[in-house]
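Structure data follow from my_file.json (JSON, C-alpha atoms):
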```json
[["chain", "number", "residue", "atom", "x", "y", "z"],
["A", 1, "MET", "CA", 0.00, 0.00, 0.00],
["A", 2, "ILE", "CA", 1.37, 3.41, -1.01],
["A", 3, "LEU", "CA", 0.55, 6.32, 1.30],
["A", 4, "THR", "CA", 0.40, 9.55, -0.66],
["A", 5, "ALA", "CA", 1.88, 12.87, 0.42],
["A", 6, "THR", "CA", -1.66, 14.29, 0.42],
["A", 7, "PHE", "CA", -2.83, 11.65, 2.89],
["A", 8, "LYS", "CA", 0.08, 12.41, 5.23],
["A", 9, "GLN", "CA", -0.55, 16.16, 4.94],
["A", 10, "ASN", "CA", -4.22, 15.62, 5.83],
["A", 11, "VAL", "CA", -3.26, 13.49, 8.84],
["A", 12, "VAL", "CA", -0.87, 16.17, 10.13],
["A", 13, "LYS", "CA", -3.47, 18.88, 9.53],
["A", 14, "ALA", "CA", -6.08, 16.90, 11.52],
["A", 15, "LEU", "CA", -3.53, 16.17, 14.25],
["A", 16, "LEU", "CA", -2.67, 19.85, 14.68],
["A", 17, "THR", "CA", -6.38, 20.71, 14.81],
["A", 18, "VAL", "CA", -6.83, 18.25, 17.70],
["A", 19, "ARG", "CA", -3.72, 19.71, 19.37],
["A", 20, "GLY", "CA", -5.59, 23.00, 19.71],
["A", 21, "ASN", "CA", -8.11, 21.31, 22.04],
["A", 22, "TYR", "CA", -5.48, 19.87, 24.38],
["A", 23, "THR", "CA", -4.04, 22.10, 27.12],
["A", 24, "GLY", "CA", -1.10, 19.85, 27.99],
["A", 25, "SER", "CA", 2.43, 20.15, 26.62],
["A", 26, "ASP", "CA", 3.54, 19.13, 23.13],
["A", 27, "SER", "CA", 5.42, 16.24, 24.70],
["A", 28, "ALA", "CA", 2.32, 14.95, 26.50],
["A", 29, "PHE", "CA", 0.22, 15.38, 23.36],
["A", 30, "ALA", "CA", 2.74, 13.42, 21.30],
["A", 31, "THR", "CA", 2.69, 10.64, 23.90],
["A", 32, "GLN", "CA", -1.10, 10.60, 23.72],
["A", 33, "TRP", "CA", -0.91, 9.82, 20.00],
["A", 34, "GLY", "CA", 2.02, 7.40, 20.18],
["A", 35, "ILE", "CA", 4.50, 9.78, 18.53],
["A", 36, "ASN", "CA", 8.02, 10.55, 19.70],
["A", 37, "PRO", "CA", 7.99, 14.18, 20.99],
["A", 38, "SER", "CA", 10.98, 15.17, 18.82],
["A", 39, "VAL", "CA", 9.25, 13.67, 15.77],
["A", 40, "PHE", "CA", 6.07, 15.62, 16.57],
["A", 41, "SER", "CA", 8.11, 18.82, 16.74],
["A", 42, "THR", "CA", 9.47, 18.06, 13.27],
["A", 43, "LEU", "CA", 5.99, 17.22, 11.94],
["A", 44, "LYS", "CA", 4.75, 20.67, 12.95],
["A", 45, "ASN", "CA", 7.44, 22.47, 11.02],
["A", 46, "ARG", "CA", 8.08, 20.38, 7.92],
["A", 47, "GLN", "CA", 6.29, 20.13, 4.58],
["A", 48, "SER", "CA", 7.68, 16.70, 3.65],
["A", 49, "TYR", "CA", 7.07, 13.85, 6.10],
["A", 50, "ASP", "CA", 8.93, 10.96, 4.48],
["A", 51, "GLY", "CA", 10.81, 8.82, 6.97],
["A", 52, "LEU", "CA", 9.31, 10.42, 10.10],
["A", 53, "LEU", "CA", 6.72, 7.73, 10.86],
["A", 54, "ARG", "CA", 6.17, 4.13, 9.85],
["A", 55, "ASP", "CA", 3.31, 3.45, 7.44],
["A", 56, "SER", "CA", 1.48, 1.60, 10.24],
["A", 57, "GLN", "CA", 1.67, 4.76, 12.38],
["A", 58, "TRP", "CA", 0.32, 6.93, 9.57],
["A", 59, "LEU", "CA", -2.56, 4.52, 9.02],
["A", 60, "ASN", "CA", -3.36, 4.31, 12.74],
["A", 61, "LEU", "CA", -3.35, 8.11, 13.05],
["A", 62, "GLY", "CA", -5.51, 8.41, 9.95],
["A", 63, "ARG", "CA", -8.03, 5.94, 11.37],
["A", 64, "GLU", "CA", -8.17, 7.67, 14.76],
["A", 65, "LEU", "CA", -8.50, 11.12, 13.16],
["A", 66, "ASN", "CA", -11.06, 9.97, 10.56],
["A", 67, "VAL", "CA", -8.77, 10.85, 7.64],
["A", 68, "ASN", "CA", -9.73, 8.54, 4.80],
["A", 69, "LEU", "CA", -7.08, 7.02, 2.59],
["A", 70, "HIS", "CA", -9.54, 7.16, -0.28],
["A", 71, "GLU", "CA", -12.26, 9.62, -1.18],
["A", 72, "ARG", "CA", -15.27, 8.36, 0.81],
["A", 73, "LYS", "CA", -15.87, 10.22, 4.05],
["A", 74, "TRP", "CA", -18.66, 9.90, 6.61],
["A", 75, "ASN", "CA", -19.98, 13.37, 7.42],
["A", 76, "THR", "CA", -21.20, 14.29, 10.89],
["A", 77, "ALA", "CA", -24.94, 14.90, 11.25],
["A", 78, "ASN", "CA", -26.42, 16.86, 14.15],
["A", 79, "THR", "CA", -28.84, 14.11, 15.15],
["A", 80, "GLU", "CA", -30.87, 13.94, 18.35],
["A", 81, "VAL", "CA", -28.36, 11.38, 19.67],
["A", 82, "PHE", "CA", -25.40, 13.61, 18.80],
["A", 83, "ALA", "CA", -27.00, 16.66, 20.45],
["A", 84, "ALA", "CA", -28.01, 14.75, 23.61],
["A", 85, "ILE", "CA", -24.58, 13.18, 24.15],
["A", 86, "GLN", "CA", -22.80, 16.45, 23.42],
["A", 87, "GLU", "CA", -24.98, 18.31, 25.94],
["A", 88, "GLU", "CA", -24.40, 15.71, 28.65],
["A", 89, "VAL", "CA", -20.65, 15.43, 28.05],
["A", 90, "LEU", "CA", -20.28, 19.20, 28.28],
["A", 91, "PHE", "CA", -22.38, 19.23, 31.46],
["A", 92, "CYS", "CA", -20.16, 16.57, 33.06],
["A", 93, "LYS", "CA", -17.04, 18.41, 31.91],
["A", 94, "GLN", "CA", -18.09, 21.82, 33.18],
["A", 95, "ASN", "CA", -19.40, 20.55, 36.52],
["A", 96, "ALA", "CA", -17.10, 17.56, 37.20],
["A", 97, "LYS", "CA", -20.12, 15.22, 37.27],
["A", 98, "ALA", "CA", -20.71, 11.67, 36.01],
["A", 99, "ILE", "CA", -23.45, 10.13, 33.86],
["A", 100, "ILE", "CA", -24.16, 6.62, 32.55],
["A", 101, "LEU", "CA", -25.74, 6.31, 29.10],
["A", 102, "VAL", "CA", -27.30, 2.92, 28.37],
["A", 103, "ASP", "CA", -29.02, 2.67, 24.99],
["A", 104, "ASP", "CA", -29.46, 0.78, 21.73],
["A", 105, "CYS", "CA", -26.54, -0.24, 19.54],
["A", 106, "ALA", "CA", -25.84, 1.53, 16.23],
["A", 107, "ILE", "CA", -27.39, 4.91, 17.06],
["A", 108, "GLY", "CA", -24.12, 6.88, 16.87],
["A", 109, "LYS", "CA", -22.90, 6.77, 20.48],
["A", 110, "THR", "CA", -19.32, 5.81, 19.67],
["A", 111, "TYR", "CA", -19.10, 8.09, 16.63],
["A", 112, "THR", "CA", -20.27, 11.05, 18.72],
["A", 113, "ALA", "CA", -17.89, 10.24, 21.59],
["A", 114, "LYS", "CA", -14.89, 10.02, 19.26],
["A", 115, "TYR", "CA", -15.91, 13.24, 17.51],
["A", 116, "LEU", "CA", -16.15, 15.08, 20.84],
["A", 117, "SER", "CA", -12.77, 13.73, 21.96],
["A", 118, "LYS", "CA", -11.23, 15.42, 18.91],
["A", 119, "THR", "CA", -13.14, 18.71, 19.08],
["A", 120, "VAL", "CA", -13.73, 19.47, 22.78],
["A", 121, "GLU", "CA", -10.88, 20.74, 24.93],
["A", 122, "ASN", "CA", -9.44, 18.09, 27.28],
["A", 123, "CYS", "CA", -12.02, 15.48, 26.28],
["A", 124, "PHE", "CA", -10.58, 11.94, 26.29],
["A", 125, "TYR", "CA", -12.03, 8.73, 24.85],
["A", 126, "ILE", "CA", -11.27, 5.18, 26.03],
["A", 127, "ASP", "CA", -12.61, 2.09, 24.24],
["A", 128, "CYS", "CA", -12.96, -0.30, 27.17],
["A", 129, "SER", "CA", -13.60, -3.27, 24.86],
["A", 130, "GLN", "CA", -9.95, -3.01, 23.76],
["A", 131, "SER", "CA", -8.54, -2.83, 27.31],
["A", 132, "THR", "CA", -10.68, -4.97, 29.60],
["A", 133, "GLY", "CA", -7.99, -5.99, 32.09],
["A", 134, "ILE", "CA", -6.38, -3.74, 34.70],
["A", 135, "ARG", "CA", -2.92, -3.55, 33.09],
["A", 136, "ASP", "CA", -4.24, -2.77, 29.61],
["A", 137, "PHE", "CA", -6.82, -0.30, 30.92],
["A", 138, "ILE", "CA", -4.31, 1.70, 32.97],
["A", 139, "ARG", "CA", -1.94, 1.95, 30.02],
["A", 140, "ALA", "CA", -4.79, 2.90, 27.65],
["A", 141, "PHE", "CA", -5.95, 5.54, 30.13],
["A", 142, "ALA", "CA", -2.45, 6.97, 30.41],
["A", 143, "LYS", "CA", -2.01, 7.09, 26.64],
["A", 144, "ALA", "CA", -5.42, 8.73, 26.18],
["A", 145, "ILE", "CA", -4.52, 11.73, 28.37],
["A", 146, "GLY", "CA", -0.84, 11.95, 27.42],
["A", 147, "VAL", "CA", 0.84, 10.36, 30.45],
["A", 148, "GLU", "CA", 3.84, 8.08, 29.96],
["A", 149, "ALA", "CA", 2.49, 4.51, 30.02],
["A", 150, "VAL", "CA", 5.81, 2.80, 30.81],
["A", 151, "GLY", "CA", 6.82, 1.73, 34.31],
["A", 152, "ARG", "CA", 5.13, 0.37, 37.43],
["A", 153, "LEU", "CA", 1.33, 0.41, 37.30],
["A", 154, "THR", "CA", 1.08, 2.14, 40.69],
["A", 155, "GLU", "CA", 3.22, 5.01, 39.41],
["A", 156, "ILE", "CA", 1.26, 5.28, 36.15],
["A", 157, "LYS", "CA", -2.02, 5.39, 38.13],
["A", 158, "ALA", "CA", -0.64, 8.08, 40.44],
["A", 159, "ASN", "CA", 0.48, 10.14, 37.43],
["A", 160, "ILE", "CA", -2.96, 9.81, 35.79],
["A", 161, "LYS", "CA", -4.71, 11.07, 38.95],
["A", 162, "TYR", "CA", -2.25, 13.92, 39.42],
["A", 163, "TYR", "CA", -2.39, 14.97, 35.77],
["A", 164, "LEU", "CA", -6.20, 15.04, 35.72],
["A", 165, "ARG", "CA", -6.26, 17.23, 38.83],
["A", 166, "GLN", "CA", -3.91, 19.76, 37.20],
["A", 167, "MET", "CA", -5.79, 19.92, 33.91],
["A", 168, "PRO", "CA", -8.60, 22.47, 33.38],
["A", 169, "SER", "CA", -12.00, 20.69, 33.27],
["A", 170, "PRO", "CA", -11.09, 17.28, 31.82],
["A", 171, "ILE", "CA", -13.78, 14.79, 30.80],
["A", 172, "ILE", "CA", -13.26, 11.02, 30.38],
["A", 173, "ILE", "CA", -15.60, 9.09, 28.07],
["A", 174, "LEU", "CA", -15.68, 5.36, 28.83],
["A", 175, "ASP", "CA", -17.16, 3.51, 25.85],
["A", 176, "GLU", "CA", -18.25, -0.16, 26.02],
["A", 177, "ALA", "CA", -17.77, -0.01, 29.80],
["A", 178, "GLY", "CA", -19.74, -3.22, 30.26],
["A", 179, "ASP", "CA", -16.79, -5.15, 28.79],
["A", 180, "LEU", "CA", -14.46, -4.28, 31.67],
["A", 181, "GLU", "CA", -13.38, -7.11, 33.93],
["A", 182, "TYR", "CA", -14.61, -6.89, 37.52],
["A", 183, "ARG", "CA", -11.34, -5.68, 39.06],
["A", 184, "THR", "CA", -10.93, -3.13, 36.27],
["A", 185, "PHE", "CA", -14.49, -1.89, 36.68],
["A", 186, "LEU", "CA", -13.94, -1.62, 40.44],
["A", 187, "MET", "CA", -10.93, 0.61, 39.79],
["A", 188, "LEU", "CA", -13.20, 3.29, 38.32],
["A", 189, "LYS", "CA", -14.22, 4.16, 41.87],
["A", 190, "GLU", "CA", -10.57, 4.71, 42.75],
["A", 191, "PHE", "CA", -10.06, 7.11, 39.84],
["A", 192, "TRP", "CA", -13.36, 8.89, 40.54],
["A", 193, "ASN", "CA", -12.47, 9.38, 44.22],
["A", 194, "ALA", "CA", -9.01, 10.72, 43.34],
["A", 195, "THR", "CA", -10.42, 13.29, 40.90],
["A", 196, "ASP", "CA", -13.68, 14.22, 42.65],
["A", 197, "GLY", "CA", -14.48, 17.83, 41.85],
["A", 198, "TYR", "CA", -11.78, 18.02, 39.16],
["A", 199, "CYS", "CA", -12.86, 15.64, 36.39],
["A", 200, "GLY", "CA", -16.06, 14.72, 34.56],
["A", 201, "TRP", "CA", -16.95, 11.14, 33.59],
["A", 202, "TYR", "CA", -19.29, 9.80, 30.91],
["A", 203, "MET", "CA", -19.87, 6.03, 30.77],
["A", 204, "MET", "CA", -21.55, 4.47, 27.71],
["A", 205, "GLY", "CA", -22.81, 1.02, 26.82],
["A", 206, "ALA", "CA", -25.77, -1.09, 25.72],
["A", 207, "ASP", "CA", -27.85, -3.64, 27.63],
["A", 208, "GLY", "CA", -24.71, -5.49, 28.76],
["A", 209, "LEU", "CA", -23.61, -2.52, 30.86],
["A", 210, "ARG", "CA", -27.01, -2.26, 32.57],
["A", 211, "SER", "CA", -27.08, -6.02, 33.23],
["A", 212, "LYS", "CA", -23.55, -5.96, 34.64],
["A", 213, "MET", "CA", -24.37, -3.11, 36.99],
["A", 214, "GLU", "CA", -27.72, -4.52, 38.14],
["A", 215, "ARG", "CA", -26.28, -8.00, 38.76],
["A", 216, "GLY", "CA", -23.48, -6.53, 40.82],
["A", 217, "ILE", "CA", -25.84, -4.39, 42.90],
["A", 218, "ARG", "CA", -28.35, -7.22, 43.36],
["A", 219, "SER", "CA", -25.66, -9.64, 44.56],
["A", 220, "GLN", "CA", -24.14, -6.90, 46.77],
["A", 221, "LYS", "CA", -20.81, -7.29, 45.03],
["A", 222, "VAL", "CA", -18.24, -4.82, 46.32],
["A", 223, "GLY", "CA", -18.04, -1.59, 44.34],
["A", 224, "TYR", "CA", -21.12, -1.65, 42.12],
["A", 225, "ARG", "CA", -23.45, 0.27, 44.43],
["A", 226, "GLU", "CA", -20.71, 2.85, 45.07],
["A", 227, "ILE", "CA", -19.93, 3.32, 41.38],
["A", 228, "PHE", "CA", -23.63, 3.60, 40.49],
["A", 229, "SER", "CA", -24.01, 6.26, 43.19],
["A", 230, "ARG", "CA", -21.09, 8.26, 41.81],
["A", 231, "PHE", "CA", -22.68, 8.10, 38.35],
["A", 232, "ASN", "CA", -25.90, 9.73, 39.55],
["A", 233, "ASN", "CA", -27.86, 6.59, 40.54],
["A", 234, "ARG", "CA", -29.65, 6.33, 37.20],
["A", 235, "TYR", "CA", -29.24, 5.28, 33.59],
["A", 236, "ARG", "CA", -29.69, 7.88, 30.90],
["A", 237, "GLY", "CA", -31.39, 6.80, 27.68],
["A", 238, "ILE", "CA", -32.24, 8.57, 24.42],
["A", 239, "VAL", "CA", -34.25, 6.11, 22.30],
["A", 240, "PRO", "CA", -38.00, 6.11, 23.19],
["A", 241, "LYS", "CA", -39.49, 2.93, 24.66],
["A", 242, "ASP", "CA", -42.91, 3.22, 22.98],
["A", 243, "LYS", "CA", -42.89, 1.19, 19.75],
["A", 244, "GLN", "CA", -44.35, 3.88, 17.49],
["A", 245, "GLU", "CA", -42.26, 6.65, 19.01],
["A", 246, "LYS", "CA", -39.18, 4.46, 18.61],
["A", 247, "LEU", "CA", -39.97, 3.88, 14.93],
["A", 248, "GLY", "CA", -40.33, 7.64, 14.38],
["A", 249, "PHE", "CA", -37.09, 8.27, 16.26],
["A", 250, "TYR", "CA", -35.15, 5.83, 14.08],
["A", 251, "LYS", "CA", -36.69, 7.18, 10.90],
["A", 252, "THR", "CA", -35.50, 10.70, 11.75],
["A", 253, "LEU", "CA", -32.09, 9.50, 12.97],
["A", 254, "ILE", "CA", -31.32, 7.44, 9.87],
["A", 255, "SER", "CA", -32.71, 10.05, 7.50],
["A", 256, "ASP", "CA", -30.62, 12.83, 9.12],
["A", 257, "VAL", "CA", -27.40, 10.83, 8.82],
["A", 258, "LEU", "CA", -28.05, 9.69, 5.26],
["A", 259, "SER", "CA", -29.01, 13.24, 4.21],
["A", 260, "ALA", "CA", -25.62, 14.45, 5.46],
["A", 261, "ASN", "CA", -23.87, 11.82, 3.36],
["A", 262, "CYS", "CA", -26.03, 11.54, 0.26],
["A", 263, "SER", "CA", -27.32, 14.32, -1.98],
["A", 264, "ASN", "CA", -29.97, 12.18, -3.70],
["A", 265, "LYS", "CA", -33.21, 12.65, -1.73],
["A", 266, "GLU", "CA", -34.84, 9.62, -3.37],
["A", 267, "MET", "CA", -31.94, 7.43, -2.25],
["A", 268, "VAL", "CA", -32.26, 8.77, 1.30],
["A", 269, "ASN", "CA", -35.93, 7.80, 1.49],
["A", 270, "LYS", "CA", -35.29, 4.41, -0.14],
["A", 271, "LEU", "CA", -32.41, 3.45, 2.20],
["A", 272, "THR", "CA", -34.25, 4.73, 5.28],
["A", 273, "ALA", "CA", -37.22, 2.51, 4.44],
["A", 274, "LYS", "CA", -34.88, -0.48, 4.03],
["A", 275, "CYS", "CA", -33.34, 0.15, 7.45],
["A", 276, "LEU", "CA", -36.73, 0.43, 9.13],
["A", 277, "ARG", "CA", -37.96, -2.81, 7.61],
["A", 278, "ASN", "CA", -37.40, -5.78, 9.95],
["A", 279, "ASP", "CA", -37.21, -9.48, 9.20],
["A", 280, "GLY", "CA", -39.64, -10.65, 11.84],
["A", 281, "ASP", "CA", -37.32, -10.22, 14.81],
["A", 282, "ASP", "CA", -38.78, -6.80, 15.65],
["A", 283, "GLU", "CA", -35.33, -5.22, 15.30],
["A", 284, "ILE", "CA", -34.83, -1.93, 13.46],
["A", 285, "GLY", "CA", -31.67, -1.52, 11.41],
["A", 286, "GLY", "CA", -29.45, 1.20, 12.87],
["A", 287, "LEU", "CA", -26.74, 3.44, 11.48],
["A", 288, "ARG", "CA", -24.28, 0.63, 10.76],
["A", 289, "ARG", "CA", -26.84, -0.93, 8.44],
["A", 290, "ALA", "CA", -27.56, 2.49, 6.90],
["A", 291, "GLU", "CA", -23.87, 3.03, 6.15],
["A", 292, "SER", "CA", -23.54, -0.45, 4.61],
["A", 293, "LEU", "CA", -26.59, 0.10, 2.42],
["A", 294, "LEU", "CA", -25.26, 3.48, 1.28],
["A", 295, "ILE", "CA", -21.89, 1.96, 0.33],
["A", 296, "LEU", "CA", -23.60, -0.80, -1.65],
["A", 297, "GLU", "CA", -25.91, 1.68, -3.37],
["A", 298, "ASN", "CA", -22.96, 3.88, -4.37],
["A", 299, "LYS", "CA", -21.09, 0.89, -5.79],
["A", 300, "ASN", "CA", -24.12, -0.02, -7.88]]
```
Can you turn what I pasted into structure tokens?
Amino acid sequence: MILTATFKQNVVKALLTVRGNYTGSDSAFATQWGINPSVFSTLKNRQSYDGLLRDSQWLNLGRELNVNLHERKWNTANTEVFAAIQEEVLFCKQNAKAIILVDDCAIGKTYTAKYLSKTVENCFYIDCSQSTGIRDFIRAFAKAIGVEAVGRLTEIKANIKYYLRQMPSPIIILDEAGDLEYRTFLMLKEFWNATDGYCGWYMMGADGLRSKMERGIRSQKVGYREIFSRFNNRYRGIVPKDKQEKLGFYKTLISDVLSANCSNKEMVNKLTAKCLRNDGDDEIGGLRRAESLLILENKN
């Protein structure tokens, strides 16, 4: 695979845009993105980037920054889901509070969280499904906020807590939090306690997260009641429960996203109808299905 100069330029441009939303040092920012600080300094001041990063690093940065190697790009739509998550994340950030969002899959939760982590100052995203154990989670946490992830875990944890307390209004988004192992999940209380009044928290997941929390509370397992209390003692949801209201919600959601990514109004209506049609399992196709249908339609 050949990575063009234009692709690398777009990656650096996107990286520097994200840098503007991070109040830490250049060195910490470079660490956050897995780049050597001296290399990052060169990236900022050079027009040619050959030899500075491995192709795998360029591709990883491009993926994280939503810079497409080819032409197709998924545009952001200001959906009800996007607006609700943005409002709640900013509330948690500004007031150092915590919220749990439990809702349907494929409604744009992860997309919105990643978008906010790149556009909101000191907003950090962690995909818990990729770091379920304590060791991996601590290192992923450190990398997300720009703390050195090498060394003893106790020292890395202490540095994370200290760094968050020094940073102006940080917010941590924990995606797929239901995938965390018990001891890892329990550690969230430790981080919350150490940053109480300094840091906002936003936990996201689907039914698995709710089930995990409710089982833990019901069986009086250590930590679950305390964590639920710190996250406001309730689950936030966006999708309506009433069947007809839910259908209308999905119709608007899918139509809004497709309209932002397709200029043909007839195609928008056609693909929206396909997504809303179920195969007898009473399940409505979400945004992943909408994106797949749009790709197939464009190929045809």
For Thr6 (chain A): contacts at 12 Å, all atoms listed in the file, fewer than 6 positions along chain excluded, given as a VMD selection string: chain A and resid 12 to 13 47 to 50 58 62 67 to 71
When you look at region 32-37 of chain A with a cut-off of 8 Å (counting all atoms listed in the file), what residues show up, excluding the ones that are within fewer than 4 positions of it in the same chain? I need them as a VMD selection string. chain A and resid 26 to 28 41 61 142 to 147
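Of note, CA of Lys93 (chain A) and CA of Ile217 (chain A) are spaced 26.8 Å apart.
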List the neighbours of Leu16 (chain A) out to 10 Å using all atoms listed in the file; skip same-chain residues closer than 5 positions along the sequence, and give me the result as a PDB file with C-alpha atoms, in the frame of the given file.
```
ATOM      1  CA  ASN A  10      -4.220  15.620   5.830  1.00  0.00           C
ATOM      2  CA  VAL A  11      -3.260  13.490   8.840  1.00  0.00           C
ATOM      3  CA  ASN A  21      -8.110  21.310  22.040  1.00  0.00           C
ATOM      4  CA  PHE A  40       6.070  15.620  16.570  1.00  0.00           C
ATOM      5  CA  LEU A  43       5.990  17.220  11.940  1.00  0.00           C
ATOM      6  CA  LYS A  44       4.750  20.670  12.950  1.00  0.00           C
TER       7      LYS A  44
END
```
Hey, which of A:Thr184, A:Met167, A:Ser38, A:Lys8 ends up closest to Gln57 (chain A)? Count all atoms listed in the file.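 Once distances to Gln57 (chain A) are computed over all atoms listed in the file, the minimum belongs to A:Lys8.
Between Asn269 (chain A) and the residues A:Thr252, A:Thr119, A:Thr110, A:Asn233, the shortest atom-to-atom distance, using all atoms listed in the file, involves A:Thr252.
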Grab the CA of Ala206 (chain A) to CA of Lys270 (chain A) distance for me, in Å with one decimal place.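 Between these atoms lies a distance of 28.1 Å.
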Atom pair CA of Val257 (chain A) / CA of Ala77 (chain A): separation (Å): 5.3 Å
Radius query 12 Å about (-23.5, 17.1, 29.5), atoms used: all atoms listed in the file, as a PyMOL selection string: chain A and resi 82-101+113+116+171-173+200-203+236
Identify, on the basis of only C-alpha atoms, every residue whose closest approach to Tyr162 (chain A) does not exceed 9 Å; exclude the query and any residue fewer than 5 positions from it along the same chain; express the result as a PyMOL selection string. chain A and resi 157+167+194-195
Contacts of Gly178 (chain A) at 9 Å (all atoms listed in the file; same-chain gap of 4+ positions) as a VMD selection string: chain A and resid 128 to 129 185 204 to 213
Of the listed residues A:Leu174, A:Cys199, A:Ala140, A:Ala273, that which approaches Ile156 (chain A) most closely, counting all atoms listed in the file: A:Ala140
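Shortest atom-to-atom contact with Leu247 (chain A) among A:Thr272, A:Thr42, A:Asp127, A:Glu214: A:Thr272, counting only C-alpha atoms.
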Find the axis-aligned box for region 87-96 of chain A, covering all its listed atoms and adding 6 Å on each side, and write its centre and edge lengths in Å to one decimal as lines of an AutoDock Vina configuration file.
```
center_x = -21.0
center_y = 18.6
center_z = 31.6
size_x = 19.9
size_y = 18.4
size_z = 23.3
```
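Of the residues listed (A:Ile107, A:Ile160, A:Val120, A:Ile238), A:Ile107 shows the shortest atom-to-atom separation from Ile284 (chain A); distances use all atoms listed in the file.
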With distances taken over all atoms listed in the file, which residue among A:Asp103, A:Arg289, A:Gly108, A:Phe137 lies nearest Tyr235 (chain A)?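 Nearest to Tyr235 (chain A): A:Asp103.
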